[in-house]
>>> print(open('coords-v7.pdb').read())   # PDB, C-alpha atoms
ATOM      1  CA  MET A   1       0.000   0.000   0.000  1.00  0.00           C
ATOM      2  CA  ARG A   2       2.776   2.426   0.927  1.00  0.00           C
ATOM      3  CA  ASP A   3       4.603   1.592  -2.312  1.00  0.00           C
ATOM      4  CA  ALA A   4       1.479   2.427  -4.323  1.00  0.00           C
ATOM      5  CA  SER A   5       1.129   5.830  -2.627  1.00  0.00           C
ATOM      6  CA  LEU A   6       4.804   6.568  -3.084  1.00  0.00           C
ATOM      7  CA  ARG A   7       4.555   5.529  -6.727  1.00  0.00           C
ATOM      8  CA  LYS A   8       1.664   7.954  -7.233  1.00  0.00           C
ATOM      9  CA  MET A   9       3.705  10.765  -5.697  1.00  0.00           C
ATOM     10  CA  LEU A  10       6.702   9.898  -7.845  1.00  0.00           C
ATOM     11  CA  ILE A  11       4.598   9.878 -10.990  1.00  0.00           C
ATOM     12  CA  MET A  12       3.300  13.345 -10.153  1.00  0.00           C
ATOM     13  CA  GLY A  13       6.820  14.500  -9.412  1.00  0.00           C
ATOM     14  CA  GLY A  14       8.201  12.711 -12.467  1.00  0.00           C
ATOM     15  CA  ALA A  15       6.302  15.094 -14.714  1.00  0.00           C
ATOM     16  CA  THR A  16       9.074  17.552 -13.959  1.00  0.00           C
ATOM     17  CA  LEU A  17      11.111  16.136 -16.817  1.00  0.00           C
ATOM     18  CA  LEU A  18       8.577  17.321 -19.391  1.00  0.00           C
ATOM     19  CA  ALA A  19       9.353  21.002 -19.027  1.00  0.00           C
ATOM     20  CA  ALA A  20      12.678  21.127 -17.256  1.00  0.00           C
ATOM     21  CA  PHE A  21      14.339  23.545 -19.582  1.00  0.00           C
ATOM     22  CA  SER A  22      11.484  26.053 -19.706  1.00  0.00           C
ATOM     23  CA  ALA A  23      11.397  26.127 -15.911  1.00  0.00           C
ATOM     24  CA  VAL A  24      15.130  26.775 -15.819  1.00  0.00           C
ATOM     25  CA  ALA A  25      14.630  30.004 -17.719  1.00  0.00           C
ATOM     26  CA  GLN A  26      11.798  31.034 -15.389  1.00  0.00           C
ATOM     27  CA  GLU A  27      13.818  30.333 -12.266  1.00  0.00           C
ATOM     28  CA  HIS A  28      16.714  32.455 -13.555  1.00  0.00           C
ATOM     29  CA  LYS A  29      14.286  35.358 -13.973  1.00  0.00           C
ATOM     30  CA  TRP A  30      12.884  34.791 -10.493  1.00  0.00           C
ATOM     31  CA  ALA A  31      16.296  34.623  -8.941  1.00  0.00           C
ATOM     32  CA  GLY A  32      16.678  38.303  -9.744  1.00  0.00           C
ATOM     33  CA  ARG A  33      20.162  37.990 -11.161  1.00  0.00           C
ATOM     34  CA  THR A  34      22.009  36.521 -14.115  1.00  0.00           C
ATOM     35  CA  LEU A  35      23.658  33.186 -13.453  1.00  0.00           C
ATOM     36  CA  ASP A  36      27.145  32.498 -14.765  1.00  0.00           C
ATOM     37  CA  ASP A  37      27.716  29.498 -17.048  1.00  0.00           C
ATOM     38  CA  LEU A  38      28.540  27.053 -14.250  1.00  0.00           C
ATOM     39  CA  GLU A  39      25.575  28.129 -12.107  1.00  0.00           C
ATOM     40  CA  SER A  40      23.265  27.854 -15.095  1.00  0.00           C
ATOM     41  CA  THR A  41      24.523  24.355 -15.908  1.00  0.00           C
ATOM     42  CA  VAL A  42      24.175  23.211 -12.281  1.00  0.00           C
ATOM     43  CA  HIS A  43      20.633  24.569 -12.219  1.00  0.00           C
ATOM     44  CA  GLU A  44      19.731  22.771 -15.468  1.00  0.00           C
ATOM     45  CA  ARG A  45      21.129  19.460 -14.209  1.00  0.00           C
ATOM     46  CA  LEU A  46      19.228  19.674 -10.928  1.00  0.00           C
ATOM     47  CA  ALA A  47      15.975  20.629 -12.679  1.00  0.00           C
ATOM     48  CA  ALA A  48      16.254  17.596 -14.964  1.00  0.00           C
ATOM     49  CA  LEU A  49      16.881  15.001 -12.241  1.00  0.00           C
ATOM     50  CA  PRO A  50      14.617  11.942 -12.410  1.00  0.00           C
ATOM     51  CA  TYR A  51      12.086  11.718  -9.566  1.00  0.00           C
ATOM     52  CA  HIS A  52      12.781  15.291  -8.381  1.00  0.00           C
ATOM     53  CA  GLY A  53       9.394  16.863  -8.045  1.00  0.00           C
ATOM     54  CA  VAL A  54       6.801  18.817  -6.155  1.00  0.00           C
ATOM     55  CA  PHE A  55       7.634  17.162  -2.807  1.00  0.00           C
ATOM     56  CA  ASP A  56      11.352  17.984  -3.021  1.00  0.00           C
ATOM     57  CA  THR A  57      13.372  21.161  -2.974  1.00  0.00           C
ATOM     58  CA  LEU A  58      16.950  21.436  -4.186  1.00  0.00           C
ATOM     59  CA  GLU A  59      19.224  24.437  -3.807  1.00  0.00           C
ATOM     60  CA  PHE A  60      22.876  25.072  -4.552  1.00  0.00           C
ATOM     61  CA  GLU A  61      25.651  27.569  -4.019  1.00  0.00           C
ATOM     62  CA  VAL A  62      28.813  27.835  -6.089  1.00  0.00           C
ATOM     63  CA  GLN A  63      32.003  29.044  -4.444  1.00  0.00           C
ATOM     64  CA  GLY A  64      34.929  28.870  -6.822  1.00  0.00           C
ATOM     65  CA  LYS A  65      34.943  25.321  -8.155  1.00  0.00           C
ATOM     66  CA  THR A  66      33.007  23.834  -5.217  1.00  0.00           C
ATOM     67  CA  VAL A  67      29.241  23.363  -5.302  1.00  0.00           C
ATOM     68  CA  THR A  68      27.295  23.033  -2.058  1.00  0.00           C
ATOM     69  CA  LEU A  69      23.939  21.260  -2.405  1.00  0.00           C
ATOM     70  CA  SER A  70      21.115  21.682   0.087  1.00  0.00           C
ATOM     71  CA  GLY A  71      17.381  21.131   0.334  1.00  0.00           C
ATOM     72  CA  GLN A  72      15.027  18.320   1.267  1.00  0.00           C
ATOM     73  CA  VAL A  73      13.963  15.275  -0.761  1.00  0.00           C
ATOM     74  CA  ILE A  74      11.751  12.243  -0.183  1.00  0.00           C
ATOM     75  CA  LYS A  75      14.080   9.724  -1.838  1.00  0.00           C
ATOM     76  CA  ASP A  76      17.749   9.068  -1.135  1.00  0.00           C
ATOM     77  CA  SER A  77      18.261   8.381  -4.853  1.00  0.00           C
ATOM     78  CA  VAL A  78      17.437  12.028  -5.637  1.00  0.00           C
ATOM     79  CA  LYS A  79      20.117  13.147  -3.174  1.00  0.00           C
ATOM     80  CA  GLN A  80      22.682  10.781  -4.689  1.00  0.00           C
ATOM     81  CA  ASN A  81      21.714  11.616  -8.293  1.00  0.00           C
ATOM     82  CA  ALA A  82      22.011  15.342  -7.565  1.00  0.00           C
ATOM     83  CA  GLU A  83      25.541  14.889  -6.263  1.00  0.00           C
ATOM     84  CA  ARG A  84      26.554  12.671  -9.208  1.00  0.00           C
ATOM     85  CA  ALA A  85      25.047  15.049 -11.772  1.00  0.00           C
ATOM     86  CA  VAL A  86      26.913  18.044 -10.366  1.00  0.00           C
ATOM     87  CA  GLU A  87      30.268  16.388  -9.708  1.00  0.00           C
ATOM     88  CA  ARG A  88      30.474  15.311 -13.370  1.00  0.00           C
ATOM     89  CA  LEU A  89      30.266  18.883 -14.662  1.00  0.00           C
ATOM     90  CA  ASN A  90      33.297  20.554 -16.214  1.00  0.00           C
ATOM     91  CA  GLY A  91      34.606  23.182 -13.834  1.00  0.00           C
ATOM     92  CA  VAL A  92      33.416  21.432 -10.661  1.00  0.00           C
ATOM     93  CA  GLU A  93      36.202  20.103  -8.439  1.00  0.00           C
ATOM     94  CA  GLY A  94      34.179  19.368  -5.315  1.00  0.00           C
ATOM     95  CA  VAL A  95      30.618  18.812  -4.168  1.00  0.00           C
ATOM     96  CA  ILE A  96      29.407  19.227  -0.602  1.00  0.00           C
ATOM     97  CA  ASN A  97      26.070  17.461  -0.228  1.00  0.00           C
ATOM     98  CA  HIS A  98      23.872  18.801   2.583  1.00  0.00           C
ATOM     99  CA  ILE A  99      20.609  17.563   1.060  1.00  0.00           C
ATOM    100  CA  GLU A 100      18.343  16.099   3.738  1.00  0.00           C
ATOM    101  CA  VAL A 101      16.387  12.934   3.003  1.00  0.00           C
ATOM    102  CA  LEU A 102      13.030  13.320   4.726  1.00  0.00           C
ATOM    103  CA  PRO A 103      11.986  10.510   7.086  1.00  0.00           C
ATOM    104  CA  SER A 104       9.610   7.941   5.651  1.00  0.00           C
ATOM    105  CA  SER A 105       6.123   8.291   7.120  1.00  0.00           C
ATOM    106  CA  ARG A 106       2.667   7.252   5.960  1.00  0.00           C
ATOM    107  CA  ARG A 107       1.225  10.210   7.815  1.00  0.00           C
ATOM    108  CA  ASP A 108       3.546  12.620   5.985  1.00  0.00           C
ATOM    109  CA  ASP A 109       2.781  10.929   2.646  1.00  0.00           C
ATOM    110  CA  ALA A 110      -0.952  11.388   3.219  1.00  0.00           C
ATOM    111  CA  LEU A 111      -0.419  15.011   4.253  1.00  0.00           C
ATOM    112  CA  ARG A 112       1.657  15.673   1.111  1.00  0.00           C
ATOM    113  CA  LEU A 113      -1.138  14.389  -1.103  1.00  0.00           C
ATOM    114  CA  SER A 114      -3.824  16.332   0.773  1.00  0.00           C
ATOM    115  CA  VAL A 115      -1.922  19.618   0.535  1.00  0.00           C
ATOM    116  CA  TYR A 116      -1.098  18.910  -3.123  1.00  0.00           C
ATOM    117  CA  ARG A 117      -4.781  18.407  -3.931  1.00  0.00           C
ATOM    118  CA  ALA A 118      -5.797  21.529  -2.012  1.00  0.00           C
ATOM    119  CA  ILE A 119      -3.315  23.663  -3.954  1.00  0.00           C
ATOM    120  CA  TYR A 120      -3.126  22.137  -7.411  1.00  0.00           C
ATOM    121  CA  GLN A 121      -6.591  20.765  -8.073  1.00  0.00           C
ATOM    122  CA  ASN A 122      -8.575  23.976  -7.608  1.00  0.00           C
ATOM    123  CA  PRO A 123      -8.668  27.104  -9.790  1.00  0.00           C
ATOM    124  CA  PRO A 124      -6.928  29.501 -10.082  1.00  0.00           C
ATOM    125  CA  THR A 125      -3.802  27.915  -8.571  1.00  0.00           C
ATOM    126  CA  VAL A 126      -4.116  24.808 -10.742  1.00  0.00           C
ATOM    127  CA  GLY A 127      -2.086  26.769 -13.314  1.00  0.00           C
ATOM    128  CA  TYR A 128       1.013  26.647 -11.142  1.00  0.00           C
ATOM    129  CA  GLY A 129       1.374  22.976 -12.053  1.00  0.00           C
ATOM    130  CA  ALA A 130       0.469  23.322 -15.734  1.00  0.00           C
ATOM    131  CA  ASP A 131       4.019  23.623 -17.075  1.00  0.00           C
ATOM    132  CA  GLY A 132       5.036  20.164 -15.901  1.00  0.00           C
ATOM    133  CA  ILE A 133       7.282  21.541 -13.179  1.00  0.00           C
ATOM    134  CA  PRO A 134       5.173  22.881 -10.339  1.00  0.00           C
ATOM    135  CA  SER A 135       6.505  26.185  -9.030  1.00  0.00           C
ATOM    136  CA  ILE A 136       5.111  25.527  -5.549  1.00  0.00           C
ATOM    137  CA  HIS A 137       6.912  22.751  -3.679  1.00  0.00           C
ATOM    138  CA  ILE A 138       5.339  21.039  -0.677  1.00  0.00           C
ATOM    139  CA  ILE A 139       7.854  19.850   1.909  1.00  0.00           C
ATOM    140  CA  VAL A 140       6.459  17.747   4.754  1.00  0.00           C
ATOM    141  CA  LYS A 141       8.513  16.617   7.720  1.00  0.00           C
ATOM    142  CA  ASN A 142       6.994  15.071  10.832  1.00  0.00           C
ATOM    143  CA  GLY A 143       3.573  16.579  10.139  1.00  0.00           C
ATOM    144  CA  PHE A 144       4.868  20.095   9.451  1.00  0.00           C
ATOM    145  CA  VAL A 145       4.379  21.613   5.992  1.00  0.00           C
ATOM    146  CA  SER A 146       6.714  24.102   4.360  1.00  0.00           C
ATOM    147  CA  LEU A 147       5.669  25.796   1.126  1.00  0.00           C
ATOM    148  CA  GLU A 148       8.658  26.598  -1.098  1.00  0.00           C
ATOM    149  CA  GLY A 149       8.929  28.187  -4.524  1.00  0.00           C
ATOM    150  CA  VAL A 150       7.464  31.086  -6.453  1.00  0.00           C
ATOM    151  CA  VAL A 151       4.007  32.522  -7.110  1.00  0.00           C
ATOM    152  CA  ASN A 152       2.897  35.404  -9.346  1.00  0.00           C
ATOM    153  CA  SER A 153       1.302  37.671  -6.740  1.00  0.00           C
ATOM    154  CA  GLU A 154       0.732  38.300  -3.049  1.00  0.00           C
ATOM    155  CA  ALA A 155      -2.918  37.320  -3.602  1.00  0.00           C
ATOM    156  CA  ASP A 156      -1.859  33.906  -4.955  1.00  0.00           C
ATOM    157  CA  ARG A 157       0.594  33.514  -2.089  1.00  0.00           C
ATOM    158  CA  GLY A 158      -2.200  34.154   0.418  1.00  0.00           C
ATOM    159  CA  MET A 159      -4.563  31.772  -1.368  1.00  0.00           C
ATOM    160  CA  VAL A 160      -1.986  28.952  -1.451  1.00  0.00           C
ATOM    161  CA  HIS A 161      -1.163  29.488   2.215  1.00  0.00           C
ATOM    162  CA  THR A 162      -4.859  29.457   3.171  1.00  0.00           C
ATOM    163  CA  ARG A 163      -5.490  26.270   1.203  1.00  0.00           C
ATOM    164  CA  ALA A 164      -2.608  24.555   2.974  1.00  0.00           C
ATOM    165  CA  LEU A 165      -3.923  25.824   6.336  1.00  0.00           C
ATOM    166  CA  ASN A 166      -7.292  24.239   5.524  1.00  0.00           C
ATOM    167  CA  VAL A 167      -5.471  20.887   5.540  1.00  0.00           C
ATOM    168  CA  THR A 168      -3.193  21.415   8.546  1.00  0.00           C
ATOM    169  CA  ALA A 169      -2.413  24.160  11.046  1.00  0.00           C
ATOM    170  CA  HIS A 170       1.327  23.505  10.768  1.00  0.00           C
ATOM    171  CA  VAL A 171       2.300  25.514   7.667  1.00  0.00           C
ATOM    172  CA  THR A 172       5.386  27.634   7.053  1.00  0.00           C
ATOM    173  CA  ASP A 173       5.142  29.906   4.032  1.00  0.00           C
ATOM    174  CA  ASN A 174       8.489  30.397   2.290  1.00  0.00           C
ATOM    175  CA  LEU A 175       6.938  31.320  -1.054  1.00  0.00           C
ATOM    176  CA  ARG A 176       8.452  34.196  -3.007  1.00  0.00           C
ATOM    177  CA  VAL A 177       6.515  36.505  -5.278  1.00  0.00           C
ATOM    178  CA  ALA A 178       7.954  36.734  -8.804  1.00  0.00           C
ATOM    179  CA  ARG A 179       9.063  40.154  -9.899  1.00  0.00           C
ATOM    180  CA  ALA A 180       6.914  41.627 -12.639  1.00  0.00           C
ATOM    181  CA  GLU A 181       8.963  42.399 -15.745  1.00  0.00           C
TER     182      GLU A 181
END
>>> encode(input="coords-v7.pdb", output="C-alpha coordinates")
Amino acid sequence: MRDASLRKMLIMGGATLLAAFSAVAQEHKWAGRTLDDLESTVHERLAALPYHGVFDTLEFEVQGKTVTLSGQVIKDSVKQNAERAVERLNGVEGVINHIEVLPSSRRDDALRLSVYRAIYQNPPTVGYGADGIPSIHIIVKNGFVSLEGVVNSEADRGMVHTRALNVTAHVTDNLRVARAE
(Lines of atoms letter the chains of each structure in order from A and count residues from 1; the text may use other names and numbers.)
(Lines give C-alpha, C1' and ligand atoms only; values in the text may rest on other atoms or scores of the structure.)
Protein backbone atom coordinates (compact mmCIF):
# COMPACT_ATOMS: atom_id res chain seq x y z
CA MET A 1 0.00 0.00 0.00
CA ARG A 2 2.78 2.43 0.93
CA ASP A 3 4.60 1.59 -2.31
CA ALA A 4 1.48 2.43 -4.32
CA SER A 5 1.13 5.83 -2.63
CA LEU A 6 4.80 6.57 -3.08
CA ARG A 7 4.55 5.53 -6.73
CA LYS A 8 1.66 7.95 -7.23
CA MET A 9 3.71 10.76 -5.70
CA LEU A 10 6.70 9.90 -7.84
CA ILE A 11 4.60 9.88 -10.99
CA MET A 12 3.30 13.34 -10.15
CA GLY A 13 6.82 14.50 -9.41
CA GLY A 14 8.20 12.71 -12.47
CA ALA A 15 6.30 15.09 -14.71
CA THR A 16 9.07 17.55 -13.96
CA LEU A 17 11.11 16.14 -16.82
CA LEU A 18 8.58 17.32 -19.39
CA ALA A 19 9.35 21.00 -19.03
CA ALA A 20 12.68 21.13 -17.26
CA PHE A 21 14.34 23.55 -19.58
CA SER A 22 11.48 26.05 -19.71
CA ALA A 23 11.40 26.13 -15.91
CA VAL A 24 15.13 26.77 -15.82
CA ALA A 25 14.63 30.00 -17.72
CA GLN A 26 11.80 31.03 -15.39
CA GLU A 27 13.82 30.33 -12.27
CA HIS A 28 16.71 32.46 -13.55
CA LYS A 29 14.29 35.36 -13.97
CA TRP A 30 12.88 34.79 -10.49
CA ALA A 31 16.30 34.62 -8.94
CA GLY A 32 16.68 38.30 -9.74
CA ARG A 33 20.16 37.99 -11.16
CA THR A 34 22.01 36.52 -14.11
CA LEU A 35 23.66 33.19 -13.45
CA ASP A 36 27.15 32.50 -14.76
CA ASP A 37 27.72 29.50 -17.05
CA LEU A 38 28.54 27.05 -14.25
CA GLU A 39 25.57 28.13 -12.11
CA SER A 40 23.27 27.85 -15.10
CA THR A 41 24.52 24.35 -15.91
CA VAL A 42 24.18 23.21 -12.28
CA HIS A 43 20.63 24.57 -12.22
CA GLU A 44 19.73 22.77 -15.47
CA ARG A 45 21.13 19.46 -14.21
CA LEU A 46 19.23 19.67 -10.93
CA ALA A 47 15.97 20.63 -12.68
CA ALA A 48 16.25 17.60 -14.96
CA LEU A 49 16.88 15.00 -12.24
CA PRO A 50 14.62 11.94 -12.41
CA TYR A 51 12.09 11.72 -9.57
CA HIS A 52 12.78 15.29 -8.38
CA GLY A 53 9.39 16.86 -8.04
CA VAL A 54 6.80 18.82 -6.16
CA PHE A 55 7.63 17.16 -2.81
CA ASP A 56 11.35 17.98 -3.02
CA THR A 57 13.37 21.16 -2.97
CA LEU A 58 16.95 21.44 -4.19
CA GLU A 59 19.22 24.44 -3.81
CA PHE A 60 22.88 25.07 -4.55
CA GLU A 61 25.65 27.57 -4.02
CA VAL A 62 28.81 27.83 -6.09
CA GLN A 63 32.00 29.04 -4.44
CA GLY A 64 34.93 28.87 -6.82
CA LYS A 65 34.94 25.32 -8.16
CA THR A 66 33.01 23.83 -5.22
CA VAL A 67 29.24 23.36 -5.30
CA THR A 68 27.29 23.03 -2.06
CA LEU A 69 23.94 21.26 -2.40
CA SER A 70 21.11 21.68 0.09
CA GLY A 71 17.38 21.13 0.33
CA GLN A 72 15.03 18.32 1.27
CA VAL A 73 13.96 15.28 -0.76
CA ILE A 74 11.75 12.24 -0.18
CA LYS A 75 14.08 9.72 -1.84
CA ASP A 76 17.75 9.07 -1.13
CA SER A 77 18.26 8.38 -4.85
CA VAL A 78 17.44 12.03 -5.64
CA LYS A 79 20.12 13.15 -3.17
CA GLN A 80 22.68 10.78 -4.69
CA ASN A 81 21.71 11.62 -8.29
CA ALA A 82 22.01 15.34 -7.56
CA GLU A 83 25.54 14.89 -6.26
CA ARG A 84 26.55 12.67 -9.21
CA ALA A 85 25.05 15.05 -11.77
CA VAL A 86 26.91 18.04 -10.37
CA GLU A 87 30.27 16.39 -9.71
CA ARG A 88 30.47 15.31 -13.37
CA LEU A 89 30.27 18.88 -14.66
CA ASN A 90 33.30 20.55 -16.21
CA GLY A 91 34.61 23.18 -13.83
CA VAL A 92 33.42 21.43 -10.66
CA GLU A 93 36.20 20.10 -8.44
CA GLY A 94 34.18 19.37 -5.32
CA VAL A 95 30.62 18.81 -4.17
CA ILE A 96 29.41 19.23 -0.60
CA ASN A 97 26.07 17.46 -0.23
CA HIS A 98 23.87 18.80 2.58
CA ILE A 99 20.61 17.56 1.06
CA GLU A 100 18.34 16.10 3.74
CA VAL A 101 16.39 12.93 3.00
CA LEU A 102 13.03 13.32 4.73
CA PRO A 103 11.99 10.51 7.09
CA SER A 104 9.61 7.94 5.65
CA SER A 105 6.12 8.29 7.12
CA ARG A 106 2.67 7.25 5.96
CA ARG A 107 1.22 10.21 7.81
CA ASP A 108 3.55 12.62 5.99
CA ASP A 109 2.78 10.93 2.65
CA ALA A 110 -0.95 11.39 3.22
CA LEU A 111 -0.42 15.01 4.25
CA ARG A 112 1.66 15.67 1.11
CA LEU A 113 -1.14 14.39 -1.10
CA SER A 114 -3.82 16.33 0.77
CA VAL A 115 -1.92 19.62 0.54
CA TYR A 116 -1.10 18.91 -3.12
CA ARG A 117 -4.78 18.41 -3.93
CA ALA A 118 -5.80 21.53 -2.01
CA ILE A 119 -3.31 23.66 -3.95
CA TYR A 120 -3.13 22.14 -7.41
CA GLN A 121 -6.59 20.76 -8.07
CA ASN A 122 -8.58 23.98 -7.61
CA PRO A 123 -8.67 27.10 -9.79
CA PRO A 124 -6.93 29.50 -10.08
CA THR A 125 -3.80 27.91 -8.57
CA VAL A 126 -4.12 24.81 -10.74
CA GLY A 127 -2.09 26.77 -13.31
CA TYR A 128 1.01 26.65 -11.14
CA GLY A 129 1.37 22.98 -12.05
CA ALA A 130 0.47 23.32 -15.73
CA ASP A 131 4.02 23.62 -17.07
CA GLY A 132 5.04 20.16 -15.90
CA ILE A 133 7.28 21.54 -13.18
CA PRO A 134 5.17 22.88 -10.34
CA SER A 135 6.51 26.19 -9.03
CA ILE A 136 5.11 25.53 -5.55
CA HIS A 137 6.91 22.75 -3.68
CA ILE A 138 5.34 21.04 -0.68
CA ILE A 139 7.85 19.85 1.91
CA VAL A 140 6.46 17.75 4.75
CA LYS A 141 8.51 16.62 7.72
CA ASN A 142 6.99 15.07 10.83
CA GLY A 143 3.57 16.58 10.14
CA PHE A 144 4.87 20.10 9.45
CA VAL A 145 4.38 21.61 5.99
CA SER A 146 6.71 24.10 4.36
CA LEU A 147 5.67 25.80 1.13
CA GLU A 148 8.66 26.60 -1.10
CA GLY A 149 8.93 28.19 -4.52
CA VAL A 150 7.46 31.09 -6.45
CA VAL A 151 4.01 32.52 -7.11
CA ASN A 152 2.90 35.40 -9.35
CA SER A 153 1.30 37.67 -6.74
CA GLU A 154 0.73 38.30 -3.05
CA ALA A 155 -2.92 37.32 -3.60
CA ASP A 156 -1.86 33.91 -4.95
CA ARG A 157 0.59 33.51 -2.09
CA GLY A 158 -2.20 34.15 0.42
CA MET A 159 -4.56 31.77 -1.37
CA VAL A 160 -1.99 28.95 -1.45
CA HIS A 161 -1.16 29.49 2.21
CA THR A 162 -4.86 29.46 3.17
CA ARG A 163 -5.49 26.27 1.20
CA ALA A 164 -2.61 24.56 2.97
CA LEU A 165 -3.92 25.82 6.34
CA ASN A 166 -7.29 24.24 5.52
CA VAL A 167 -5.47 20.89 5.54
CA THR A 168 -3.19 21.42 8.55
CA ALA A 169 -2.41 24.16 11.05
CA HIS A 170 1.33 23.50 10.77
CA VAL A 171 2.30 25.51 7.67
CA THR A 172 5.39 27.63 7.05
CA ASP A 173 5.14 29.91 4.03
CA ASN A 174 8.49 30.40 2.29
CA LEU A 175 6.94 31.32 -1.05
CA ARG A 176 8.45 34.20 -3.01
CA VAL A 177 6.52 36.50 -5.28
CA ALA A 178 7.95 36.73 -8.80
CA ARG A 179 9.06 40.15 -9.90
CA ALA A 180 6.91 41.63 -12.64
CA GLU A 181 8.96 42.40 -15.74
>>> closest_residue(input="coords-v7.pdb", among="A:Asn142, A:Thr57, A:Ser105, A:Gln63", to="Ala82 of chain A", atoms="all atoms listed in the file")
A:Thr57
>>> resolve_selection(input="coords-v7.pdb", expression="the PyMOL selection byres ((chain A and resi 170) around 10)", output="list of chain:residue names")
A:Val140, A:Gly143, A:Phe144, A:Val145, A:Ser146, A:Ala164, A:Leu165, A:Val167, A:Thr168, A:Ala169, A:Val171, A:Thr172
>>> atom_distance(input="coords-v7.pdb", atom1="atom CA of Gly129 of chain A", atom2="atom CA of Arg84 of chain A")
27.4 Å
>>> resolve_selection(input="coords-v7.pdb", expression="the PyMOL selection byres ((chain A and resi 59) around 6)", output="number ranges by chain")
A: 58, 60, 69-71
>>> resolve_selection(input="coords-v7.pdb", expression="the PyMOL selection byres ((chain A and resi 151) around 12)", output="ChimeraX atom specification")
/A:26-27,30,119,124-129,134-137,147-150,152-161,173-180
>>> build_atoms(input="coords-v7.pdb", residues="segment 33-44 of chain A", atoms="all heavy atoms", output="short mmCIF file (atom, residue, chain, number, x, y, z; two decimals), keeping the file's coordinate frame")
data_model
loop_
_atom_site.label_atom_id
_atom_site.label_comp_id
_atom_site.auth_asym_id
_atom_site.auth_seq_id
_atom_site.Cartn_x
_atom_site.Cartn_y
_atom_site.Cartn_z
N ARG A 33 18.81 37.71 -10.70
CA ARG A 33 20.16 37.99 -11.16
C ARG A 33 20.51 37.04 -12.30
O ARG A 33 19.84 36.03 -12.49
CB ARG A 33 21.18 37.84 -10.03
CG ARG A 33 21.32 36.43 -9.51
CD ARG A 33 22.31 36.38 -8.34
NE ARG A 33 22.51 35.03 -7.89
CZ ARG A 33 23.44 34.19 -8.37
NH1 ARG A 33 24.24 34.58 -9.32
NH2 ARG A 33 23.56 32.97 -7.89
N THR A 34 21.56 37.37 -13.02
CA THR A 34 22.01 36.52 -14.12
C THR A 34 22.99 35.50 -13.56
O THR A 34 23.92 35.85 -12.83
CB THR A 34 22.69 37.37 -15.20
OG1 THR A 34 21.77 38.37 -15.63
CG2 THR A 34 23.11 36.51 -16.37
N LEU A 35 22.76 34.25 -13.90
CA LEU A 35 23.66 33.19 -13.45
C LEU A 35 24.82 33.05 -14.42
O LEU A 35 24.65 33.21 -15.63
CB LEU A 35 22.91 31.86 -13.38
CG LEU A 35 21.71 31.79 -12.45
CD1 LEU A 35 21.08 30.41 -12.49
CD2 LEU A 35 22.10 32.14 -11.03
N ASP A 36 26.02 32.75 -13.87
CA ASP A 36 27.14 32.50 -14.76
C ASP A 36 26.97 31.12 -15.40
O ASP A 36 26.01 30.39 -15.08
CB ASP A 36 28.48 32.65 -14.03
CG ASP A 36 28.74 31.59 -12.97
OD1 ASP A 36 28.21 30.47 -13.07
OD2 ASP A 36 29.49 31.89 -12.03
N ASP A 37 27.86 30.76 -16.30
CA ASP A 37 27.72 29.50 -17.05
C ASP A 37 27.66 28.27 -16.14
O ASP A 37 26.83 27.39 -16.34
CB ASP A 37 28.86 29.34 -18.06
CG ASP A 37 28.75 30.31 -19.22
OD1 ASP A 37 27.64 30.84 -19.44
OD2 ASP A 37 29.77 30.54 -19.90
N LEU A 38 28.53 28.21 -15.14
CA LEU A 38 28.54 27.05 -14.25
C LEU A 38 27.25 26.98 -13.44
O LEU A 38 26.64 25.92 -13.32
CB LEU A 38 29.76 27.08 -13.32
CG LEU A 38 29.87 25.90 -12.34
CD1 LEU A 38 29.88 24.56 -13.08
CD2 LEU A 38 31.11 26.05 -11.47
N GLU A 39 26.82 28.11 -12.88
CA GLU A 39 25.58 28.13 -12.11
C GLU A 39 24.39 27.71 -12.97
O GLU A 39 23.53 26.94 -12.53
CB GLU A 39 25.32 29.52 -11.54
CG GLU A 39 26.28 29.93 -10.44
CD GLU A 39 26.11 31.38 -10.05
OE1 GLU A 39 25.89 32.22 -10.94
OE2 GLU A 39 26.21 31.67 -8.84
N SER A 40 24.35 28.19 -14.18
CA SER A 40 23.26 27.85 -15.10
C SER A 40 23.26 26.36 -15.40
O SER A 40 22.21 25.71 -15.40
CB SER A 40 23.41 28.65 -16.39
OG SER A 40 22.39 28.32 -17.29
N THR A 41 24.42 25.79 -15.62
CA THR A 41 24.52 24.36 -15.91
C THR A 41 24.13 23.52 -14.70
O THR A 41 23.41 22.52 -14.83
CB THR A 41 25.96 24.00 -16.36
OG1 THR A 41 26.29 24.82 -17.49
CG2 THR A 41 26.07 22.54 -16.74
N VAL A 42 24.57 23.93 -13.51
CA VAL A 42 24.18 23.21 -12.28
C VAL A 42 22.66 23.25 -12.14
O VAL A 42 22.02 22.22 -11.88
CB VAL A 42 24.86 23.82 -11.03
CG1 VAL A 42 24.25 23.25 -9.75
CG2 VAL A 42 26.36 23.56 -11.06
N HIS A 43 22.08 24.43 -12.34
CA HIS A 43 20.63 24.57 -12.22
C HIS A 43 19.90 23.66 -13.21
O HIS A 43 18.95 22.97 -12.85
CB HIS A 43 20.24 26.03 -12.44
CG HIS A 43 18.80 26.28 -12.14
ND1 HIS A 43 18.40 27.03 -11.08
CD2 HIS A 43 17.67 25.85 -12.74
CE1 HIS A 43 17.08 27.07 -11.04
NE2 HIS A 43 16.62 26.36 -12.03
N GLU A 44 20.36 23.62 -14.44
CA GLU A 44 19.73 22.77 -15.47
C GLU A 44 19.81 21.30 -15.08
O GLU A 44 18.84 20.56 -15.22
CB GLU A 44 20.40 22.99 -16.82
CG GLU A 44 20.07 24.33 -17.43
CD GLU A 44 20.89 24.62 -18.68
OE1 GLU A 44 21.67 23.74 -19.12
OE2 GLU A 44 20.76 25.73 -19.22
#
